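Listing of coords_11.cif; format and content: mmCIF, C-alpha atoms.
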data_run
loop_
_atom_site.label_atom_id
_atom_site.label_comp_id
_atom_site.auth_asym_id
_atom_site.auth_seq_id
_atom_site.Cartn_x
_atom_site.Cartn_y
_atom_site.Cartn_z
CA THR A 1 102.21 -225.48 276.36
CA LYS A 2 102.41 -228.79 274.65
CA ALA A 3 104.02 -230.42 277.67
CA ILE A 4 101.08 -229.45 279.88
CA LYS A 5 98.65 -230.90 277.34
CA GLU A 6 100.59 -234.17 277.39
CA TRP A 7 100.31 -234.20 281.17
CA GLY A 8 96.52 -233.97 280.85
CA LYS A 9 96.38 -236.82 278.33
CA ALA A 10 98.48 -238.97 280.63
CA SER A 11 95.70 -238.91 283.23
CA VAL A 12 93.15 -240.31 280.72
CA ARG A 13 95.27 -243.14 279.28
CA PRO A 14 95.41 -245.33 282.42
CA LEU A 15 91.62 -245.11 282.84
CA LEU A 16 90.99 -246.24 279.25
CA LEU A 17 93.45 -249.13 279.57
CA ILE A 18 91.92 -250.31 282.85
CA ILE A 19 88.42 -250.31 281.35
CA ALA A 20 89.72 -252.09 278.23
CA ALA A 21 91.20 -254.83 280.43
CA LEU A 22 88.10 -255.18 282.63
CA VAL A 23 85.51 -255.49 279.84
CA PRO A 24 86.59 -259.01 278.61
CA LEU A 25 87.08 -260.10 282.22
CA ALA A 26 83.54 -259.04 283.06
CA ALA A 27 82.23 -261.00 280.04
CA ASN A 28 84.02 -264.17 281.18
CA LEU A 29 82.70 -263.74 284.72
CA ILE A 30 79.14 -263.46 283.39
CA ILE A 31 79.55 -266.66 281.32
CA ILE A 32 80.99 -268.54 284.32
CA ALA A 33 78.19 -267.27 286.58
CA ASN A 34 75.57 -268.47 284.06
CA LEU A 35 77.10 -271.96 284.09
CA ILE A 36 77.73 -272.29 287.82
CA PHE A 37 74.60 -270.65 289.22
CA ASP A 38 72.28 -271.59 286.32
CA LEU A 39 71.59 -267.98 285.46
CA TYR A 40 70.29 -266.48 282.23
CA ILE A 41 72.18 -263.19 282.05
CA PHE A 42 71.99 -261.95 278.44
CA ASN A 43 70.04 -265.17 277.72
CA ARG A 44 73.36 -267.04 278.06
CA ALA A 45 74.52 -265.47 274.82
CA ASP A 46 78.27 -265.46 274.22
CA ILE A 47 79.11 -261.77 274.57
CA THR A 48 82.87 -262.34 274.51
CA PRO A 49 83.34 -261.18 270.87
CA ILE A 50 81.38 -257.98 271.55
CA CYS A 51 83.38 -257.29 274.69
CA PHE A 52 86.65 -257.93 272.93
CA SER A 53 85.60 -255.51 270.19
CA ALA A 54 84.80 -252.88 272.83
CA SER A 55 88.12 -253.56 274.52
CA LEU A 56 89.97 -253.23 271.20
CA PHE A 57 88.17 -249.93 270.53
CA LEU A 58 89.19 -248.54 273.93
CA PHE A 59 92.78 -249.68 273.46
CA SER A 60 92.85 -248.07 270.00
CA LEU A 61 91.42 -244.87 271.47
CA ALA A 62 94.15 -244.83 274.13
CA THR A 63 96.83 -245.52 271.50
CA PHE A 64 95.86 -243.11 268.73
CA ARG A 65 93.76 -240.41 270.41
CA TYR A 66 95.64 -240.22 273.71
CA GLN A 67 99.01 -241.45 272.37
CA PHE A 68 99.50 -244.41 274.70
CA LEU A 69 102.73 -245.50 272.96
CA ASN A 70 104.01 -241.97 272.48
CA ILE A 71 107.63 -241.47 273.60
CA VAL A 72 107.14 -237.75 274.38
CA PRO A 73 105.95 -238.19 278.00
CA ILE A 74 108.93 -240.47 278.69
CA ALA A 75 111.32 -237.93 277.18
CA LEU A 76 109.72 -235.10 279.17
CA ARG A 77 110.06 -237.12 282.38
CA LYS A 78 113.73 -237.75 281.61
CA ILE A 79 114.37 -234.06 280.89
CA MET A 80 112.59 -233.03 284.08
CA ASP A 81 114.62 -235.51 286.16
CA ASN A 82 117.91 -234.23 284.72
CA MET A 83 117.19 -230.53 285.27
CA ARG A 84 119.22 -228.74 287.95
CA GLU A 85 116.23 -226.52 288.79
CA ALA A 86 113.84 -227.80 291.45
CA ILE A 87 110.39 -228.44 289.95
CA VAL A 88 107.17 -229.25 291.79
CA ILE A 89 103.68 -229.77 290.32
CA ILE A 90 100.66 -228.90 292.47
CA ASP A 91 97.09 -229.86 291.60
CA SER A 92 94.03 -227.63 291.98
CA PHE A 93 93.34 -229.12 295.44
CA GLY A 94 96.67 -227.96 296.86
CA LYS A 95 98.41 -231.34 296.79
CA ILE A 96 101.91 -232.09 295.50
CA ILE A 97 101.45 -234.62 292.71
CA ASP A 98 104.94 -234.69 291.21
CA PHE A 99 108.46 -233.32 291.63
CA ASN A 100 111.94 -233.93 290.27
CA PRO A 101 115.10 -235.09 292.10
CA ALA A 102 116.38 -231.51 292.32
CA PHE A 103 113.31 -230.54 294.38
CA GLN A 104 113.82 -233.57 296.61
CA ASN A 105 117.44 -232.54 297.20
CA ALA A 106 116.55 -228.90 297.90
CA PHE A 107 113.49 -229.55 300.08
CA PRO A 108 113.72 -233.19 301.26
CA ALA A 109 111.28 -232.84 304.16
CA TYR A 110 108.47 -231.62 301.90
CA ALA A 111 109.16 -234.01 299.03
CA ARG A 112 108.53 -236.90 301.44
CA ALA A 113 105.54 -235.36 303.23
CA PRO A 114 103.00 -238.18 303.87
CA ASP A 115 99.93 -236.04 303.20
CA ASN A 116 101.40 -234.38 300.06
CA GLU A 117 99.78 -231.12 301.15
CA ILE A 118 101.41 -227.92 299.87
CA LYS A 119 100.41 -226.07 303.06
CA SER A 120 103.39 -227.24 305.14
CA PHE A 121 105.80 -226.26 302.36
CA VAL A 122 104.16 -222.84 302.03
CA ASP A 123 104.40 -222.32 305.81
CA PHE A 124 108.11 -223.10 305.60
CA LEU A 125 108.55 -220.54 302.80
CA ARG A 126 106.66 -217.86 304.74
CA GLN A 127 108.61 -218.42 307.96
CA ASN A 128 112.07 -218.56 306.33
CA SER A 129 111.94 -215.96 303.56
CA GLU A 130 112.92 -212.33 303.61
CA GLY A 131 109.78 -210.22 303.73
CA ALA A 132 109.99 -208.51 300.35
CA SER A 133 106.73 -207.82 298.52
CA GLU A 134 107.99 -209.80 295.52
CA ALA A 135 108.65 -212.82 297.75
CA ARG A 136 105.18 -212.57 299.34
CA ALA A 137 103.55 -212.53 295.89
CA ILE A 138 105.51 -215.63 294.85
CA ILE A 139 104.60 -217.54 298.02
CA GLU A 140 100.93 -216.60 297.66
CA ALA A 141 100.95 -217.92 294.07
CA VAL A 142 102.45 -221.21 295.28
CA ALA A 143 99.89 -221.45 298.08
CA THR A 144 96.68 -220.69 296.19
CA GLY A 145 97.65 -221.08 292.54
CA THR A 146 97.66 -218.38 289.92
CA SER A 147 95.75 -217.60 286.74
CA ALA A 148 98.76 -215.98 285.07
CA TYR A 149 102.50 -216.54 284.86
CA ILE A 150 104.50 -214.92 287.67
CA ASP A 151 108.18 -214.90 288.57
CA GLY A 152 110.52 -213.21 291.03
CA GLU A 153 113.30 -213.63 293.57
CA LEU A 154 112.92 -215.49 296.84
CA CYS A 155 115.58 -215.58 299.56
CA LEU A 156 115.33 -218.39 302.12
CA LEU A 157 117.23 -217.98 305.39
CA GLU A 158 117.12 -221.59 306.63
CA PRO A 159 118.84 -224.07 306.67
CA GLY A 160 121.38 -221.78 304.94
CA LYS A 161 120.83 -218.51 303.16
CA THR A 162 119.79 -219.47 299.62
CA HIS A 163 118.59 -217.25 296.80
CA TYR A 164 116.11 -218.57 294.24
CA PHE A 165 114.55 -217.13 291.14
CA VAL A 166 111.08 -218.69 291.13
CA TYR A 167 108.78 -219.24 288.15
CA VAL A 168 105.09 -220.03 288.80
CA GLN A 169 103.09 -221.24 285.80
CA PRO A 170 99.39 -222.27 285.83
CA ILE A 171 98.49 -225.54 284.09
CA TYR A 172 95.79 -225.02 281.47
CA TYR A 173 93.89 -227.91 279.92
CA GLY A 174 91.24 -228.21 277.25
CA LYS A 175 89.80 -225.70 274.82
CA GLU A 176 88.27 -223.80 277.72
CA LYS A 177 91.78 -223.50 279.23
CA SER A 178 90.55 -224.39 282.68
CA ILE A 179 93.25 -224.33 285.35
CA HIS A 180 94.11 -227.81 286.66
CA GLY A 181 97.11 -226.95 288.81
CA THR A 182 100.41 -225.11 289.04
CA VAL A 183 104.03 -225.77 288.05
CA VAL A 184 106.66 -224.12 290.26
CA LEU A 185 110.36 -223.95 289.32
CA PHE A 186 113.08 -222.92 291.77
CA ASN A 187 116.31 -221.79 290.11
CA ASP A 188 119.16 -221.52 292.65
CA ILE A 189 120.99 -218.23 291.99
CA THR A 190 122.95 -218.17 295.27
CA ASN A 191 126.35 -218.30 293.53
CA TYR A 192 125.33 -215.44 291.26
CA LYS A 193 124.21 -213.36 294.26
CA ASN A 194 127.43 -214.13 296.12
CA LEU A 195 129.49 -213.04 293.11
CA LEU A 196 127.54 -209.79 292.98
CA GLU A 197 128.25 -209.21 296.68
CA GLU A 198 131.93 -209.94 296.17
CA LEU A 199 132.01 -207.60 293.18
CA LYS A 200 130.29 -204.91 295.24
CA ASP A 201 132.84 -205.34 298.04
CA LYS A 202 135.71 -205.17 295.54
CA ASN A 203 134.26 -202.00 294.01
CA GLU A 204 134.01 -200.44 297.46
CA GLU A 205 137.64 -201.39 298.17
CA ILE A 206 138.75 -199.91 294.85
CA SER A 207 136.78 -196.73 295.57
CA ALA A 208 138.42 -196.45 299.00
CA MET A 209 141.86 -197.00 297.44
CA ASN A 210 141.11 -194.32 294.81
CA GLU A 211 140.18 -191.89 297.57
CA GLU A 212 143.43 -192.69 299.38
CA LEU A 213 145.40 -192.16 296.16
CA VAL A 214 143.67 -188.81 295.61
CA ALA A 215 144.54 -187.77 299.20
CA MET A 216 148.17 -188.92 298.79
CA ASN A 217 148.43 -187.07 295.46
CA LYS A 218 147.17 -183.92 297.16
CA GLN A 219 149.74 -184.34 299.93
CA LEU A 220 152.54 -184.84 297.37
CA ARG A 221 151.49 -181.66 295.56
CA ASP A 222 151.47 -179.75 298.85
CA HIS A 223 154.94 -181.08 299.66
CA ALA A 224 156.14 -180.13 296.19
CA ARG A 225 154.87 -176.57 296.66
CA VAL A 226 156.58 -176.31 300.07
CA LEU A 227 159.83 -177.65 298.60
CA GLU A 228 159.58 -175.18 295.73
CA LEU A 229 159.00 -172.32 298.17
CA ILE A 230 162.02 -173.36 300.29
CA THR A 231 164.20 -173.54 297.18
CA VAL A 232 163.13 -170.03 296.11
CA LEU A 233 163.83 -168.65 299.56
CA ALA A 234 167.22 -170.38 299.70
CA TRP A 235 168.36 -168.75 296.45
CA ALA A 236 167.00 -165.35 297.36
#
Would it be possible to restate this file's structure as structure tokens?
Amino acid sequence: TKAIKEWGKASVRPLLLIIAALVPLAANLIIIANLIFDLYIFNRADITPICFSASLFLFSLATFRYQFLNIVPIALRKIMDNMREAIVIIDSFGKIIDFNPAFQNAFPAYARAPDNEIKSFVDFLRQNSEGASEARAIIEAVATGTSAYIDGELCLLEPGKTHYFVYVQPIYYGKEKSIHGTVVLFNDITNYKNLLEELKDKNEEISAMNEELVAMNKQLRDHARVLELITVLAWA
């Protein structure tokens, strides 16, 4: 899961860049404080070159080790935004930390939740889903996270009956593969389910028509036998 690893690196890069920017600023503040308040911090030595070297090291670390200028995270963000499936990322504390436009369109109230808690979204799923065991397992994985990949169907009754095939994937990070959160993908299969229902109805209609044809064929055979008997009697 290279994409998940990139997500972990993305959380380190901003921290390194902030520290790299603050180190030279702190050095300048120390020099100004020595001049204004007649202080002797670092014996009034000019520590600016050292701080700039430290800042350059941190910036290099962010660039080469954590791929600060790497285009992959941007490409992944673009792909995620263009996907028709609704995607939501939940951290290990049960908070929604990211989602794509498809999730916002499918569940607008929970994409804009001020507290970003997953609990309200999970309550909505529990109250509006058909009570199949597969659905309960999916909702529980969304609520508490999961240590293994899980998928299954989920049918929501409100605001309109919608069928989803849901994929729940834990986010592993580091060599220890510790779980840092969960990725949930909702694939809308309502049209597919409706087509299956229509096909089932058509098959039932065809079966009923076949039964009628069999009954009519039997009646025609009976009539043919009666007609044959009448003909025999007429010529006798």
Can you give me, as a PDB file with C-alpha atoms, in the frame of the given file, the residues this file yields under the PyMOL selection byres ((chain A and resi 116-130) around 8)?
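Writing the result to selection.pdb gives the following:
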ATOM      1  CA  ILE A  90     100.660-228.900 292.470  1.00  0.00           C
ATOM      2  CA  GLY A  94      96.670-227.960 296.860  1.00  0.00           C
ATOM      3  CA  LYS A  95      98.410-231.340 296.790  1.00  0.00           C
ATOM      4  CA  ILE A  96     101.910-232.090 295.500  1.00  0.00           C
ATOM      5  CA  ILE A  97     101.450-234.620 292.710  1.00  0.00           C
ATOM      6  CA  TYR A 110     108.470-231.620 301.900  1.00  0.00           C
ATOM      7  CA  ALA A 111     109.160-234.010 299.030  1.00  0.00           C
ATOM      8  CA  ARG A 112     108.530-236.900 301.440  1.00  0.00           C
ATOM      9  CA  ALA A 113     105.540-235.360 303.230  1.00  0.00           C
ATOM     10  CA  PRO A 114     103.000-238.180 303.870  1.00  0.00           C
ATOM     11  CA  ASP A 115      99.930-236.040 303.200  1.00  0.00           C
ATOM     12  CA  GLY A 131     109.780-210.220 303.730  1.00  0.00           C
ATOM     13  CA  ALA A 132     109.990-208.510 300.350  1.00  0.00           C
ATOM     14  CA  ALA A 135     108.650-212.820 297.750  1.00  0.00           C
ATOM     15  CA  ARG A 136     105.180-212.570 299.340  1.00  0.00           C
ATOM     16  CA  ILE A 139     104.600-217.540 298.020  1.00  0.00           C
ATOM     17  CA  VAL A 142     102.450-221.210 295.280  1.00  0.00           C
ATOM     18  CA  ALA A 143      99.890-221.450 298.080  1.00  0.00           C
ATOM     19  CA  LEU A 154     112.920-215.490 296.840  1.00  0.00           C
ATOM     20  CA  CYS A 155     115.580-215.580 299.560  1.00  0.00           C
ATOM     21  CA  LEU A 156     115.330-218.390 302.120  1.00  0.00           C
ATOM     22  CA  LEU A 157     117.230-217.980 305.390  1.00  0.00           C
ATOM     23  CA  GLU A 158     117.120-221.590 306.630  1.00  0.00           C
TER      24      GLU A 158
END
Could you tell me how far CA of Tyr164 in chain A lies from CA of Ala102 in chain A, in Å and to one decimal?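 Between these atoms lies a distance of 13.1 Å.
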Quick one: 4 Å padding each side, axis-aligned, all listed atoms of range 85-99 of chain A - centre and edge lengths in Å to one decimal, as AutoDock Vina command-line options?
--center_x 104.8 --center_y -230.6 --center_z 292.8 --size_x 30.9 --size_y 16.2 --size_z 16.1
Ground truth for the PyMOL selection byres ((chain A and resi 48) around 8), written as an mmCIF file with C-alpha atoms, in the frame of the given file:
data_model
loop_
_atom_site.group_PDB
_atom_site.id
_atom_site.type_symbol
_atom_site.label_atom_id
_atom_site.label_comp_id
_atom_site.auth_asym_id
_atom_site.auth_seq_id
_atom_site.Cartn_x
_atom_site.Cartn_y
_atom_site.Cartn_z
ATOM 1 C CA PRO A 24 86.590 -259.010 278.610
ATOM 2 C CA ALA A 27 82.230 -261.000 280.040
ATOM 3 C CA ASN A 28 84.020 -264.170 281.180
ATOM 4 C CA ASP A 46 78.270 -265.460 274.220
ATOM 5 C CA ILE A 47 79.110 -261.770 274.570
ATOM 6 C CA PRO A 49 83.340 -261.180 270.870
ATOM 7 C CA ILE A 50 81.380 -257.980 271.550
ATOM 8 C CA CYS A 51 83.380 -257.290 274.690
ATOM 9 C CA PHE A 52 86.650 -257.930 272.930
#
Please build the interface table for range 56-123 of chain A against range 170-175 of chain A with a cut-off of 12 Å, listing for each qualifying residue the nearest atom pair and the distance in Å to one decimal; count only C-alpha atoms, order rows by chain and increasing number, and write it as a Markdown table.
| residue | atom | partner | partner_atom | distance |
| --- | --- | --- | --- | --- |
| A:Ile89 | CA | A:Ile171 | CA | 9.1 |
| A:Ile90 | CA | A:Ile171 | CA | 9.3 |
| A:Asp91 | CA | A:Ile171 | CA | 8.8 |
| A:Ser92 | CA | A:Ile171 | CA | 9.3 |
Using the chain letters and numbers from the file, give me the residues hit by the PyMOL selection byres ((chain A and resi 165) around 8), as a PyMOL selection string. chain A and resi 151-154+163-164+166-167+186-189
With distances taken over only C-alpha atoms, which residue among A:Val12, A:Ile36, A:Ala21, A:Met83 lies nearest Asn100 in chain A?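 With only C-alpha atoms as the atom set, the closest residue is A:Met83.
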What is the CA of Phe59 in chain A-CA of Leu25 in chain A distance in Å, reported with one decimal?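 Calculated distance between CA of Phe59 in chain A and CA of Leu25 in chain A is 14.8 Å.
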